[in-house]
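Novice: Pasting data.cif below, which is mmCIF, C-alpha atoms.
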data_upload
loop_
_atom_site.label_atom_id
_atom_site.label_comp_id
_atom_site.auth_asym_id
_atom_site.auth_seq_id
_atom_site.Cartn_x
_atom_site.Cartn_y
_atom_site.Cartn_z
CA MET P 1 2.18 12.76 -106.97
CA LYS P 2 4.14 10.60 -109.35
CA GLY P 3 7.73 11.57 -109.67
CA GLN P 4 7.72 13.61 -106.49
CA LYS P 5 10.27 12.53 -103.95
CA THR P 6 8.88 14.33 -100.95
CA ASN P 7 5.99 12.73 -99.14
CA LEU P 8 3.85 15.45 -97.63
CA ASN P 9 1.72 12.97 -95.74
CA ASN P 10 4.09 13.10 -92.77
CA ASN P 11 3.54 16.81 -92.62
CA HIS P 12 1.07 18.08 -90.03
CA CYS P 13 -0.05 20.95 -92.23
CA ALA P 14 -3.59 20.21 -93.40
CA MET P 15 -2.92 21.93 -96.70
CA ALA P 16 0.17 19.83 -97.39
CA ARG P 17 -1.78 16.65 -96.70
CA ALA P 18 -4.58 17.72 -98.98
CA LEU P 19 -2.05 18.44 -101.72
CA ASP P 20 -0.51 15.04 -101.16
CA VAL P 21 -3.85 13.46 -102.08
CA ILE P 22 -5.14 15.75 -104.82
CA GLY P 23 -2.26 18.12 -105.57
CA ASP P 24 -1.98 16.81 -109.04
CA TRP P 25 -3.54 18.46 -111.98
CA TRP P 26 -5.07 15.36 -113.45
CA SER P 27 -6.50 14.09 -110.21
CA LEU P 28 -8.61 17.20 -109.76
CA LEU P 29 -9.71 17.13 -113.39
CA ILE P 30 -10.80 13.49 -112.91
CA VAL P 31 -12.75 14.53 -109.82
CA ARG P 32 -14.34 17.32 -111.85
CA GLU P 33 -15.40 14.86 -114.55
CA ALA P 34 -16.80 12.52 -111.90
CA LEU P 35 -18.85 15.38 -110.46
CA TYR P 36 -20.21 15.96 -113.98
CA GLY P 37 -21.42 12.36 -114.00
CA ARG P 38 -18.65 10.41 -115.74
CA ARG P 39 -18.12 6.97 -114.26
CA ARG P 40 -16.25 4.74 -116.68
CA PHE P 41 -12.61 4.56 -117.62
CA ASN P 42 -13.43 5.21 -121.28
CA GLU P 43 -15.58 8.20 -120.44
CA PHE P 44 -12.79 9.79 -118.40
CA GLN P 45 -10.31 8.97 -121.10
CA LYS P 46 -12.39 10.53 -123.85
CA SER P 47 -13.30 13.68 -121.97
CA LEU P 48 -9.81 14.38 -120.61
CA GLY P 49 -7.84 13.04 -123.56
CA LEU P 50 -5.07 11.72 -121.39
CA ALA P 51 -2.95 8.63 -121.85
CA LYS P 52 -4.48 5.41 -120.55
CA ASN P 53 -1.54 4.58 -118.31
CA ILE P 54 -1.67 8.00 -116.65
CA LEU P 55 -5.43 7.81 -116.19
CA ALA P 56 -5.12 4.31 -114.71
CA SER P 57 -2.47 5.39 -112.22
CA ARG P 58 -4.40 8.49 -111.17
CA LEU P 59 -7.64 6.54 -110.72
CA ARG P 60 -5.77 3.95 -108.66
CA LYS P 61 -4.35 6.66 -106.44
CA LEU P 62 -7.75 8.32 -106.01
CA VAL P 63 -9.22 4.95 -105.01
CA ASP P 64 -6.31 4.22 -102.64
CA CYS P 65 -6.81 7.61 -100.98
CA GLY P 66 -10.54 7.07 -100.54
CA VAL P 67 -11.54 9.89 -102.88
CA MET P 68 -13.14 7.49 -105.35
CA ALA P 69 -14.47 3.95 -105.12
CA ALA P 70 -14.27 1.34 -107.89
CA VAL P 71 -17.50 -0.62 -108.09
CA PRO P 72 -18.84 -3.16 -110.60
CA ALA P 73 -21.01 -1.52 -113.26
CA PRO P 74 -24.71 -2.33 -112.83
CA ASP P 75 -25.12 -3.72 -116.37
CA GLN P 76 -21.88 -5.40 -117.30
CA ALA P 77 -19.90 -7.24 -114.67
CA ALA P 78 -16.75 -6.88 -116.80
CA HIS P 79 -16.70 -3.11 -116.38
CA LYS P 80 -15.89 -1.12 -113.34
CA GLU P 81 -17.31 2.26 -112.48
CA TYR P 82 -15.51 4.94 -110.53
CA LEU P 83 -17.68 6.88 -108.12
CA LEU P 84 -16.80 9.73 -105.82
CA THR P 85 -16.93 8.86 -102.15
CA GLU P 86 -18.22 11.42 -99.65
CA LYS P 87 -14.60 12.49 -99.13
CA GLY P 88 -14.37 13.02 -102.88
CA GLU P 89 -17.65 14.90 -103.14
CA GLN P 90 -16.48 17.30 -100.46
CA LEU P 91 -13.85 18.50 -102.93
CA HIS P 92 -16.59 20.50 -104.64
CA VAL P 93 -15.76 23.49 -102.42
CA LEU P 94 -12.13 23.40 -103.57
CA MET P 95 -13.27 23.11 -107.14
CA VAL P 96 -15.51 26.16 -106.83
CA ALA P 97 -12.56 28.06 -105.33
CA LEU P 98 -10.42 27.08 -108.34
CA TYR P 99 -13.12 28.01 -110.85
CA GLN P 100 -13.75 31.36 -109.25
CA TRP P 101 -10.09 32.28 -108.97
CA GLY P 102 -9.48 31.19 -112.56
CA GLU P 103 -12.51 33.10 -113.81
CA ALA P 104 -11.44 36.29 -112.05
CA ASN P 105 -7.75 36.08 -112.91
CA CYS P 106 -7.02 33.99 -115.97
CA PHE P 107 -9.25 35.38 -118.72
CA ALA P 108 -9.02 38.38 -120.99
CA PRO P 109 -12.06 40.70 -120.98
CA ASN P 110 -13.22 39.38 -124.37
CA GLU P 111 -13.06 35.72 -123.39
CA ARG P 112 -15.95 33.78 -121.98
CA PRO P 113 -14.91 31.27 -119.34
CA ILE P 114 -16.66 28.00 -118.73
CA THR P 115 -17.70 28.21 -115.13
CA LEU P 116 -20.01 26.74 -112.54
CA VAL P 117 -23.62 27.72 -112.05
CA ASP P 118 -26.44 26.76 -109.76
CA ARG P 119 -28.07 23.78 -111.47
CA ALA P 120 -31.58 24.79 -110.37
CA HIS P 121 -31.57 28.29 -111.88
CA GLY P 122 -28.54 28.38 -114.16
CA ALA P 123 -27.35 31.44 -112.23
CA PRO P 124 -23.76 32.12 -111.15
CA LEU P 125 -22.78 31.02 -107.66
CA GLN P 126 -21.96 33.52 -104.95
CA PRO P 127 -18.22 34.17 -104.64
CA LEU P 128 -16.83 32.07 -101.79
CA GLN P 129 -15.99 34.13 -98.73
CA VAL P 130 -13.72 33.24 -95.87
CA LYS P 131 -15.39 34.15 -92.60
CA ALA P 132 -14.50 34.17 -88.92
CA GLN P 133 -16.80 32.55 -86.38
CA ASP P 134 -18.40 35.93 -85.70
CA GLY P 135 -19.08 36.49 -89.38
CA ARG P 136 -16.28 38.95 -90.16
CA ILE P 137 -14.85 38.56 -93.66
CA ILE P 138 -11.31 37.19 -93.42
CA GLY P 139 -8.81 38.55 -95.94
CA PRO P 140 -5.43 37.05 -96.85
CA LYS P 141 -3.67 38.91 -94.02
CA ASP P 142 -6.21 38.05 -91.34
CA MET P 143 -5.28 34.38 -91.09
CA LEU P 144 -2.67 32.53 -89.09
CA ALA P 145 -1.57 28.89 -89.25
CA VAL P 146 -1.43 27.16 -85.86
CA MET O 1 3.61 22.75 -114.88
CA LYS O 2 7.06 21.54 -115.67
CA GLY O 3 7.15 18.23 -117.46
CA GLN O 4 3.50 18.44 -118.45
CA LYS O 5 2.92 18.31 -122.16
CA THR O 6 -0.62 19.59 -122.19
CA ASN O 7 -1.15 23.32 -121.97
CA LEU O 8 -4.42 23.96 -120.22
CA ASN O 9 -4.28 27.66 -120.92
CA ASN O 10 -6.06 27.18 -124.24
CA ASN O 11 -8.90 25.57 -122.38
CA HIS O 12 -11.92 27.72 -121.66
CA CYS O 13 -12.61 25.96 -118.39
CA ALA O 14 -11.81 28.40 -115.59
CA MET O 15 -10.67 25.55 -113.35
CA ALA O 16 -8.25 24.24 -115.97
CA ARG O 17 -6.75 27.70 -116.40
CA ALA O 18 -6.36 28.11 -112.66
CA LEU O 19 -4.61 24.74 -112.50
CA ASP O 20 -2.35 25.79 -115.33
CA VAL O 21 -1.10 28.65 -113.15
CA ILE O 22 -1.02 27.13 -109.69
CA GLY O 23 -1.76 23.43 -110.23
CA ASP O 24 1.59 22.47 -108.93
CA TRP O 25 2.22 21.40 -105.41
CA TRP O 26 5.20 23.63 -104.81
CA SER O 27 3.67 26.73 -106.30
CA LEU O 28 0.84 26.69 -103.78
CA LEU O 29 3.21 25.96 -100.91
CA ILE O 30 5.30 28.97 -102.00
CA VAL O 31 2.14 31.10 -102.03
CA ARG O 32 1.32 29.79 -98.56
CA GLU O 33 4.77 30.79 -97.27
CA ALA O 34 4.41 34.21 -98.87
CA LEU O 35 1.07 34.68 -97.10
CA TYR O 36 2.88 33.83 -93.85
CA GLY O 37 5.27 36.71 -94.53
CA ARG O 38 8.27 35.10 -96.23
CA ARG O 39 9.79 37.27 -98.94
CA ARG O 40 13.30 36.16 -99.72
CA PHE O 41 14.62 33.27 -101.76
CA ASN O 42 16.55 31.92 -98.78
CA GLU O 43 13.52 32.13 -96.52
CA PHE O 44 11.40 30.13 -98.95
CA GLN O 45 14.23 27.68 -99.45
CA LYS O 46 14.69 27.11 -95.73
CA SER O 47 11.03 26.79 -94.86
CA LEU O 48 10.13 24.52 -97.77
CA GLY O 49 13.39 22.61 -97.95
CA LEU O 50 13.24 22.29 -101.69
CA ALA O 51 16.08 22.34 -104.19
CA LYS O 52 17.22 25.78 -105.27
CA ASN O 53 16.72 25.11 -108.96
CA ILE O 54 13.13 23.98 -108.39
CA LEU O 55 12.39 26.96 -106.17
CA ALA O 56 13.91 29.32 -108.74
CA SER O 57 11.83 27.87 -111.58
CA ARG O 58 8.62 27.97 -109.54
CA LEU O 59 9.21 31.56 -108.42
CA ARG O 60 9.91 32.55 -112.00
CA LYS O 61 6.67 30.96 -113.14
CA LEU O 62 4.69 32.64 -110.35
CA VAL O 63 6.17 36.00 -111.36
CA ASP O 64 5.50 35.35 -115.07
CA CYS O 65 1.88 34.50 -114.25
CA GLY O 66 1.40 37.64 -112.19
CA VAL O 67 0.85 35.78 -108.91
CA MET O 68 4.02 37.22 -107.38
CA ALA O 69 6.18 40.23 -108.12
CA ALA O 70 9.97 40.37 -107.74
CA VAL O 71 11.02 43.70 -106.25
CA PRO O 72 14.34 45.01 -104.90
CA ALA O 73 14.68 44.51 -101.15
CA PRO O 74 14.41 47.77 -99.22
CA ASP O 75 17.76 47.33 -97.42
CA GLN O 76 20.08 45.57 -99.86
CA ALA O 77 19.85 46.32 -103.54
CA ALA O 78 21.55 42.98 -104.30
CA HIS O 79 18.59 40.99 -102.95
CA LYS O 80 15.20 40.59 -104.46
CA GLU O 81 12.01 40.07 -102.54
CA TYR O 82 9.05 38.13 -103.78
CA LEU O 83 5.69 39.61 -102.89
CA LEU O 84 2.21 38.35 -103.64
CA THR O 85 0.27 40.50 -106.08
CA GLU O 86 -3.45 41.03 -105.60
CA LYS O 87 -4.04 38.07 -107.91
CA GLY O 88 -1.80 36.01 -105.63
CA GLU O 89 -3.43 37.19 -102.44
CA GLN O 90 -6.80 36.16 -103.80
CA LEU O 91 -5.57 32.57 -103.64
CA HIS O 92 -6.23 32.66 -99.90
CA VAL O 93 -9.75 31.34 -100.53
CA LEU O 94 -8.35 28.34 -102.38
CA MET O 95 -5.88 27.78 -99.61
CA VAL O 96 -8.58 27.80 -96.96
CA ALA O 97 -10.52 25.27 -99.06
CA LEU O 98 -7.44 23.02 -99.18
CA TYR O 99 -6.78 23.35 -95.46
CA GLN O 100 -10.36 22.61 -94.53
CA TRP O 101 -10.65 19.61 -96.82
CA GLY O 102 -7.33 18.26 -95.58
CA GLU O 103 -8.27 18.80 -91.96
CA ALA O 104 -11.58 17.01 -92.37
CA ASN O 105 -10.29 14.15 -94.49
CA CYS O 106 -6.59 13.49 -94.08
CA PHE O 107 -6.03 13.13 -90.34
CA ALA O 108 -6.55 10.31 -87.89
CA PRO O 109 -8.66 11.20 -84.83
CA ASN O 110 -5.57 11.30 -82.58
CA GLU O 111 -3.63 13.65 -84.84
CA ARG O 112 -3.63 17.41 -84.50
CA PRO O 113 -3.52 19.19 -87.83
CA ILE O 114 -1.87 22.54 -88.38
CA THR O 115 -4.65 24.68 -89.70
CA LEU O 116 -5.75 28.25 -90.25
CA VAL O 117 -7.32 30.46 -87.64
CA ASP O 118 -8.63 33.99 -87.46
CA ARG O 119 -5.58 36.11 -86.58
CA ALA O 120 -7.57 38.49 -84.40
CA HIS O 121 -9.03 35.88 -82.04
CA GLY O 122 -7.07 32.68 -82.74
CA ALA O 123 -10.40 30.96 -83.39
CA PRO O 124 -11.08 28.49 -86.21
CA LEU O 125 -12.56 29.89 -89.40
CA GLN O 126 -16.07 29.05 -90.51
CA PRO O 127 -16.18 26.18 -92.98
CA LEU O 128 -16.45 27.57 -96.51
CA GLN O 129 -19.89 27.11 -98.00
CA VAL O 130 -20.89 27.21 -101.62
CA LYS O 131 -24.03 29.28 -102.01
CA ALA O 132 -26.43 30.20 -104.77
CA GLN O 133 -27.36 33.84 -105.38
CA ASP O 134 -30.48 33.36 -103.25
CA GLY O 135 -28.45 31.96 -100.36
CA ARG O 136 -29.25 28.27 -100.80
CA ILE O 137 -26.36 25.97 -99.88
CA ILE O 138 -25.03 24.33 -103.05
CA GLY O 139 -23.88 20.72 -102.70
CA PRO O 140 -21.69 18.77 -105.11
CA LYS O 141 -24.68 17.68 -107.21
CA ASP O 142 -26.30 21.12 -107.40
CA MET O 143 -23.73 22.62 -109.77
CA LEU O 144 -23.39 22.65 -113.51
CA ALA O 145 -20.55 23.85 -115.75
CA VAL O 146 -21.62 26.17 -118.55
#
Mind turning this structure into structure tokens?
Specialist:
Amino acid sequence: MKGQKTNLNNNHCAMARALDVIGDWWSLLIVREALYGRRRFNEFQKSLGLAKNILASRLRKLVDCGVMAAVPAPDQAAHKEYLLTEKGEQLHVLMVALYQWGEANCFAPNERPITLVDRAHGAPLQPLQVKAQDGRIIGPKDMLAV
Amino acid sequence: MKGQKTNLNNNHCAMARALDVIGDWWSLLIVREALYGRRRFNEFQKSLGLAKNILASRLRKLVDCGVMAAVPAPDQAAHKEYLLTEKGEQLHVLMVALYQWGEANCFAPNERPITLVDRAHGAPLQPLQVKAQDGRIIGPKDMLAV
């Protein structure tokens, strides 16, 4: 994350490493836009409304980390397209967790959140559940970091 | 997020709102430490090794957002303790998503990540799965924001 002095990549905590790669607001919003089908610099820029230099640095970092790949556009060799790699696509679980927490906790009763639905039926997704190997639901106090 | 000019709270996207509250590296690491049982300013400071002024501002924001509550310590009235609220505890799903993505994507084969296990049996958790109402597994391309 730009401006951060600490490098969490030396940390053996899997969460800290994940945050080192995508623990930046804009990076996750770029990944979200990519999941929605945006591929070009200008498309990201228009939909997120962020400064070109910030977008460029975030895209570069996402490419360096293997979350996105920069490939030549099929029609115009002068343009590049930014596609999610498999590593990047796997962030969809994290994104659903963010959406669901935000929906449950960050809206007044009279507000209608934009949220994620099942593309096939337009129906809400099931709430994510943390489960043990034997299927028990794991709450916040049932976990341990080892 | 300190230093950010854009306020995502006006945004109706549930993910953007969630990021507005906890889309900051340190905030999530503080929540992680609180889930592990830390309660006092000095405990957070020691375990995270971050500057006191940054920790203070992040704790203040987490309290303002209703993720944590500052309460008097049971033994010494001069100390405060920081406890997760229910809203804060519900972040455990997001944390598991971060751990699991980090574990799968940010470690070399010879490295052993610190990760989350089921406290009762010390066994790894099931990987989180996004599911539709009818139980179908939802992949990154099967979702739509509405």
Novice: Taking all atoms listed in the file into account and nothing else, which residues of chain O lie no more than 6 Å away from chain P? Please answer as a VMD selection string.
Specialist: chain O and resid 12 to 15 17 to 18 23 25 89 92 94 97 to 99 102 to 103 113 to 119 125 to 126 131 to 133 140 142 to 146
Novice: Could you dump the residues just selected with C-alpha atoms as a short mmCIF file (atom, residue, chain, number, x, y, z; two decimals), keeping the file's coordinate frame?
Specialist:
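Now in selection-v9.cif:
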data_model
loop_
_atom_site.label_atom_id
_atom_site.label_comp_id
_atom_site.auth_asym_id
_atom_site.auth_seq_id
_atom_site.Cartn_x
_atom_site.Cartn_y
_atom_site.Cartn_z
CA HIS O 12 -11.92 27.72 -121.66
CA CYS O 13 -12.61 25.96 -118.39
CA ALA O 14 -11.81 28.40 -115.59
CA MET O 15 -10.67 25.55 -113.35
CA ARG O 17 -6.75 27.70 -116.40
CA ALA O 18 -6.36 28.11 -112.66
CA GLY O 23 -1.76 23.43 -110.23
CA TRP O 25 2.22 21.40 -105.41
CA GLU O 89 -3.43 37.19 -102.44
CA HIS O 92 -6.23 32.66 -99.90
CA LEU O 94 -8.35 28.34 -102.38
CA ALA O 97 -10.52 25.27 -99.06
CA LEU O 98 -7.44 23.02 -99.18
CA TYR O 99 -6.78 23.35 -95.46
CA GLY O 102 -7.33 18.26 -95.58
CA GLU O 103 -8.27 18.80 -91.96
CA PRO O 113 -3.52 19.19 -87.83
CA ILE O 114 -1.87 22.54 -88.38
CA THR O 115 -4.65 24.68 -89.70
CA LEU O 116 -5.75 28.25 -90.25
CA VAL O 117 -7.32 30.46 -87.64
CA ASP O 118 -8.63 33.99 -87.46
CA ARG O 119 -5.58 36.11 -86.58
CA LEU O 125 -12.56 29.89 -89.40
CA GLN O 126 -16.07 29.05 -90.51
CA LYS O 131 -24.03 29.28 -102.01
CA ALA O 132 -26.43 30.20 -104.77
CA GLN O 133 -27.36 33.84 -105.38
CA PRO O 140 -21.69 18.77 -105.11
CA ASP O 142 -26.30 21.12 -107.40
CA MET O 143 -23.73 22.62 -109.77
CA LEU O 144 -23.39 22.65 -113.51
CA ALA O 145 -20.55 23.85 -115.75
CA VAL O 146 -21.62 26.17 -118.55
#
Novice: Hand me chain P as it sits after a least-squares fit onto chain O over every Cα, paired in order, written as a short mmCIF file (atom, residue, chain, number, x, y, z; two decimals) with C-alpha atoms, keeping the file's coordinate frame.
Specialist:
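Now in result.cif:
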data_model
loop_
_atom_site.label_atom_id
_atom_site.label_comp_id
_atom_site.auth_asym_id
_atom_site.auth_seq_id
_atom_site.Cartn_x
_atom_site.Cartn_y
_atom_site.Cartn_z
CA MET P 1 3.67 22.69 -114.73
CA LYS P 2 7.13 21.49 -115.60
CA GLY P 3 7.20 18.26 -117.47
CA GLN P 4 3.56 18.48 -118.46
CA LYS P 5 2.96 18.35 -122.17
CA THR P 6 -0.59 19.61 -122.21
CA ASN P 7 -1.13 23.33 -121.97
CA LEU P 8 -4.42 23.96 -120.23
CA ASN P 9 -4.27 27.67 -120.93
CA ASN P 10 -6.06 27.18 -124.26
CA ASN P 11 -8.88 25.55 -122.39
CA HIS P 12 -11.93 27.70 -121.67
CA CYS P 13 -12.62 25.95 -118.39
CA ALA P 14 -11.82 28.38 -115.58
CA MET P 15 -10.67 25.54 -113.37
CA ALA P 16 -8.24 24.23 -115.98
CA ARG P 17 -6.75 27.69 -116.40
CA ALA P 18 -6.36 28.11 -112.67
CA LEU P 19 -4.61 24.74 -112.50
CA ASP P 20 -2.35 25.79 -115.33
CA VAL P 21 -1.09 28.66 -113.16
CA ILE P 22 -1.03 27.13 -109.69
CA GLY P 23 -1.77 23.43 -110.22
CA ASP P 24 1.59 22.49 -108.93
CA TRP P 25 2.21 21.43 -105.43
CA TRP P 26 5.20 23.63 -104.83
CA SER P 27 3.66 26.73 -106.29
CA LEU P 28 0.82 26.68 -103.78
CA LEU P 29 3.21 25.96 -100.92
CA ILE P 30 5.30 28.97 -102.00
CA VAL P 31 2.14 31.09 -102.03
CA ARG P 32 1.32 29.79 -98.56
CA GLU P 33 4.77 30.78 -97.29
CA ALA P 34 4.40 34.21 -98.88
CA LEU P 35 1.07 34.68 -97.10
CA TYR P 36 2.88 33.82 -93.85
CA GLY P 37 5.27 36.69 -94.54
CA ARG P 38 8.26 35.08 -96.25
CA ARG P 39 9.77 37.26 -98.94
CA ARG P 40 13.30 36.15 -99.75
CA PHE P 41 14.61 33.26 -101.78
CA ASN P 42 16.55 31.93 -98.79
CA GLU P 43 13.52 32.13 -96.53
CA PHE P 44 11.41 30.13 -98.97
CA GLN P 45 14.22 27.68 -99.44
CA LYS P 46 14.69 27.11 -95.73
CA SER P 47 11.02 26.79 -94.87
CA LEU P 48 10.11 24.50 -97.77
CA GLY P 49 13.38 22.60 -97.96
CA LEU P 50 13.24 22.29 -101.70
CA ALA P 51 16.07 22.32 -104.21
CA LYS P 52 17.24 25.77 -105.29
CA ASN P 53 16.72 25.10 -108.98
CA ILE P 54 13.13 23.98 -108.41
CA LEU P 55 12.39 26.95 -106.18
CA ALA P 56 13.91 29.32 -108.75
CA SER P 57 11.82 27.89 -111.58
CA ARG P 58 8.61 27.97 -109.55
CA LEU P 59 9.20 31.56 -108.42
CA ARG P 60 9.90 32.56 -112.02
CA LYS P 61 6.66 30.97 -113.15
CA LEU P 62 4.68 32.64 -110.36
CA VAL P 63 6.17 36.00 -111.37
CA ASP P 64 5.49 35.35 -115.07
CA CYS P 65 1.87 34.51 -114.26
CA GLY P 66 1.39 37.65 -112.19
CA VAL P 67 0.85 35.78 -108.92
CA MET P 68 4.01 37.22 -107.39
CA ALA P 69 6.17 40.24 -108.12
CA ALA P 70 9.96 40.39 -107.73
CA VAL P 71 11.01 43.70 -106.23
CA PRO P 72 14.34 45.00 -104.91
CA ALA P 73 14.68 44.50 -101.16
CA PRO P 74 14.41 47.76 -99.21
CA ASP P 75 17.77 47.33 -97.43
CA GLN P 76 20.09 45.57 -99.83
CA ALA P 77 19.88 46.31 -103.52
CA ALA P 78 21.56 42.97 -104.28
CA HIS P 79 18.60 41.00 -102.96
CA LYS P 80 15.22 40.60 -104.46
CA GLU P 81 12.01 40.08 -102.55
CA TYR P 82 9.03 38.13 -103.80
CA LEU P 83 5.68 39.61 -102.90
CA LEU P 84 2.20 38.36 -103.64
CA THR P 85 0.27 40.50 -106.08
CA GLU P 86 -3.46 41.05 -105.58
CA LYS P 87 -4.03 38.09 -107.92
CA GLY P 88 -1.80 36.04 -105.65
CA GLU P 89 -3.44 37.21 -102.44
CA GLN P 90 -6.82 36.17 -103.80
CA LEU P 91 -5.58 32.58 -103.64
CA HIS P 92 -6.23 32.67 -99.90
CA VAL P 93 -9.76 31.35 -100.51
CA LEU P 94 -8.36 28.33 -102.37
CA MET P 95 -5.87 27.79 -99.61
CA VAL P 96 -8.59 27.80 -96.95
CA ALA P 97 -10.53 25.28 -99.05
CA LEU P 98 -7.44 23.03 -99.17
CA TYR P 99 -6.78 23.36 -95.44
CA GLN P 100 -10.35 22.61 -94.53
CA TRP P 101 -10.65 19.61 -96.82
CA GLY P 102 -7.32 18.26 -95.59
CA GLU P 103 -8.27 18.81 -91.96
CA ALA P 104 -11.59 17.01 -92.37
CA ASN P 105 -10.30 14.14 -94.49
CA CYS P 106 -6.60 13.49 -94.08
CA PHE P 107 -6.03 13.13 -90.34
CA ALA P 108 -6.56 10.32 -87.89
CA PRO P 109 -8.67 11.18 -84.81
CA ASN P 110 -5.57 11.30 -82.58
CA GLU P 111 -3.62 13.66 -84.83
CA ARG P 112 -3.65 17.40 -84.49
CA PRO P 113 -3.52 19.19 -87.83
CA ILE P 114 -1.88 22.53 -88.37
CA THR P 115 -4.66 24.68 -89.69
CA LEU P 116 -5.74 28.25 -90.25
CA VAL P 117 -7.31 30.47 -87.64
CA ASP P 118 -8.63 33.99 -87.45
CA ARG P 119 -5.58 36.09 -86.59
CA ALA P 120 -7.57 38.48 -84.40
CA HIS P 121 -9.02 35.87 -82.03
CA GLY P 122 -7.07 32.70 -82.73
CA ALA P 123 -10.39 30.96 -83.38
CA PRO P 124 -11.08 28.49 -86.20
CA LEU P 125 -12.55 29.89 -89.40
CA GLN P 126 -16.07 29.06 -90.49
CA PRO P 127 -16.19 26.17 -92.97
CA LEU P 128 -16.45 27.57 -96.49
CA GLN P 129 -19.89 27.12 -98.00
CA VAL P 130 -20.89 27.22 -101.62
CA LYS P 131 -24.03 29.29 -102.01
CA ALA P 132 -26.44 30.21 -104.78
CA GLN P 133 -27.38 33.83 -105.38
CA ASP P 134 -30.49 33.36 -103.24
CA GLY P 135 -28.46 31.97 -100.37
CA ARG P 136 -29.25 28.27 -100.79
CA ILE P 137 -26.36 25.98 -99.88
CA ILE P 138 -25.02 24.34 -103.04
CA GLY P 139 -23.88 20.73 -102.70
CA PRO P 140 -21.68 18.78 -105.12
CA LYS P 141 -24.69 17.69 -107.21
CA ASP P 142 -26.30 21.11 -107.40
CA MET P 143 -23.73 22.62 -109.75
CA LEU P 144 -23.40 22.65 -113.51
CA ALA P 145 -20.54 23.84 -115.72
CA VAL P 146 -21.62 26.15 -118.55
#
Novice: For the point (-18.7, -3.0, -117.8) in the file's frame, write as a list in words all residues with an atom no more than 12 Å away, counting only C-alpha atoms.
Specialist: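 Using only C-alpha atoms, the matching residues come out as Arg39, Arg40, Phe41, Asn42, Glu43, Ala70, Val71, Pro72, Ala73, Pro74, Asp75, Gln76, Ala77, Ala78, His79, Lys80, Glu81 and Tyr82 of chain P.
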Novice: Just C-alpha atoms for this one: save the residues we selected as an mmCIF file, keeping the file's coordinate frame.
Specialist:
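As written to disk, result-v4.cif reads:
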data_model
loop_
_atom_site.group_PDB
_atom_site.id
_atom_site.type_symbol
_atom_site.label_atom_id
_atom_site.label_comp_id
_atom_site.auth_asym_id
_atom_site.auth_seq_id
_atom_site.Cartn_x
_atom_site.Cartn_y
_atom_site.Cartn_z
ATOM 1 C CA ARG P 39 -18.120 6.970 -114.260
ATOM 2 C CA ARG P 40 -16.250 4.740 -116.680
ATOM 3 C CA PHE P 41 -12.610 4.560 -117.620
ATOM 4 C CA ASN P 42 -13.430 5.210 -121.280
ATOM 5 C CA GLU P 43 -15.580 8.200 -120.440
ATOM 6 C CA ALA P 70 -14.270 1.340 -107.890
ATOM 7 C CA VAL P 71 -17.500 -0.620 -108.090
ATOM 8 C CA PRO P 72 -18.840 -3.160 -110.600
ATOM 9 C CA ALA P 73 -21.010 -1.520 -113.260
ATOM 10 C CA PRO P 74 -24.710 -2.330 -112.830
ATOM 11 C CA ASP P 75 -25.120 -3.720 -116.370
ATOM 12 C CA GLN P 76 -21.880 -5.400 -117.300
ATOM 13 C CA ALA P 77 -19.900 -7.240 -114.670
ATOM 14 C CA ALA P 78 -16.750 -6.880 -116.800
ATOM 15 C CA HIS P 79 -16.700 -3.110 -116.380
ATOM 16 C CA LYS P 80 -15.890 -1.120 -113.340
ATOM 17 C CA GLU P 81 -17.310 2.260 -112.480
ATOM 18 C CA TYR P 82 -15.510 4.940 -110.530
#
Novice: Please, what distance in Å, to one decimal, runs between CA of Lys46 in chain P and CA of Lys61 in chain P?
Specialist: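 Between CA of Lys46 in chain P and CA of Lys61 in chain P the gap works out to 19.6 Å.
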Novice: Could you check how far CA of Leu59 in chain P sits from CA of Arg38 in chain P, in Å to one decimal?
Specialist: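 If I compute the distance from CA of Leu59 in chain P to CA of Arg38 in chain P, I get 12.7 Å.
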Novice: One decimal, in Å: what's the spacing between CA of Ala56 in chain P and CA of Leu84 in chain P?
Specialist: 15.6 Å
Novice: Starting from the incomplete input, reconstruct N, CA and C atoms of range 40-47 of chain O and report them as a PDB file, in the frame of the given file.
Specialist:
ATOM      1  N   ARG O  40      12.020  36.349 -99.061  1.00  0.00           N
ATOM      2  CA  ARG O  40      13.300  36.160 -99.720  1.00  0.00           C
ATOM      3  C   ARG O  40      13.519  34.719-100.152  1.00  0.00           C
ATOM      4  N   PHE O  41      14.291  34.588-101.227  1.00  0.00           N
ATOM      5  CA  PHE O  41      14.620  33.270-101.760  1.00  0.00           C
ATOM      6  C   PHE O  41      15.083  32.325-100.649  1.00  0.00           C
ATOM      7  N   ASN O  42      16.018  32.785 -99.832  1.00  0.00           N
ATOM      8  CA  ASN O  42      16.550  31.920 -98.780  1.00  0.00           C
ATOM      9  C   ASN O  42      15.511  31.530 -97.738  1.00  0.00           C
ATOM     10  N   GLU O  43      14.593  32.454 -97.466  1.00  0.00           N
ATOM     11  CA  GLU O  43      13.520  32.130 -96.520  1.00  0.00           C
ATOM     12  C   GLU O  43      12.607  31.031 -97.063  1.00  0.00           C
ATOM     13  N   PHE O  44      12.238  31.176 -98.335  1.00  0.00           N
ATOM     14  CA  PHE O  44      11.400  30.130 -98.950  1.00  0.00           C
ATOM     15  C   PHE O  44      12.160  28.806 -98.974  1.00  0.00           C
ATOM     16  N   GLN O  45      13.434  28.897 -99.304  1.00  0.00           N
ATOM     17  CA  GLN O  45      14.230  27.680 -99.450  1.00  0.00           C
ATOM     18  C   GLN O  45      14.319  26.943 -98.112  1.00  0.00           C
ATOM     19  N   LYS O  46      14.554  27.713 -97.048  1.00  0.00           N
ATOM     20  CA  LYS O  46      14.690  27.110 -95.730  1.00  0.00           C
ATOM     21  C   LYS O  46      13.356  26.523 -95.246  1.00  0.00           C
ATOM     22  N   SER O  47      12.298  27.267 -95.425  1.00  0.00           N
ATOM     23  CA  SER O  47      11.030  26.790 -94.860  1.00  0.00           C
ATOM     24  C   SER O  47      10.446  25.630 -95.661  1.00  0.00           C
TER      25      SER O  47
END
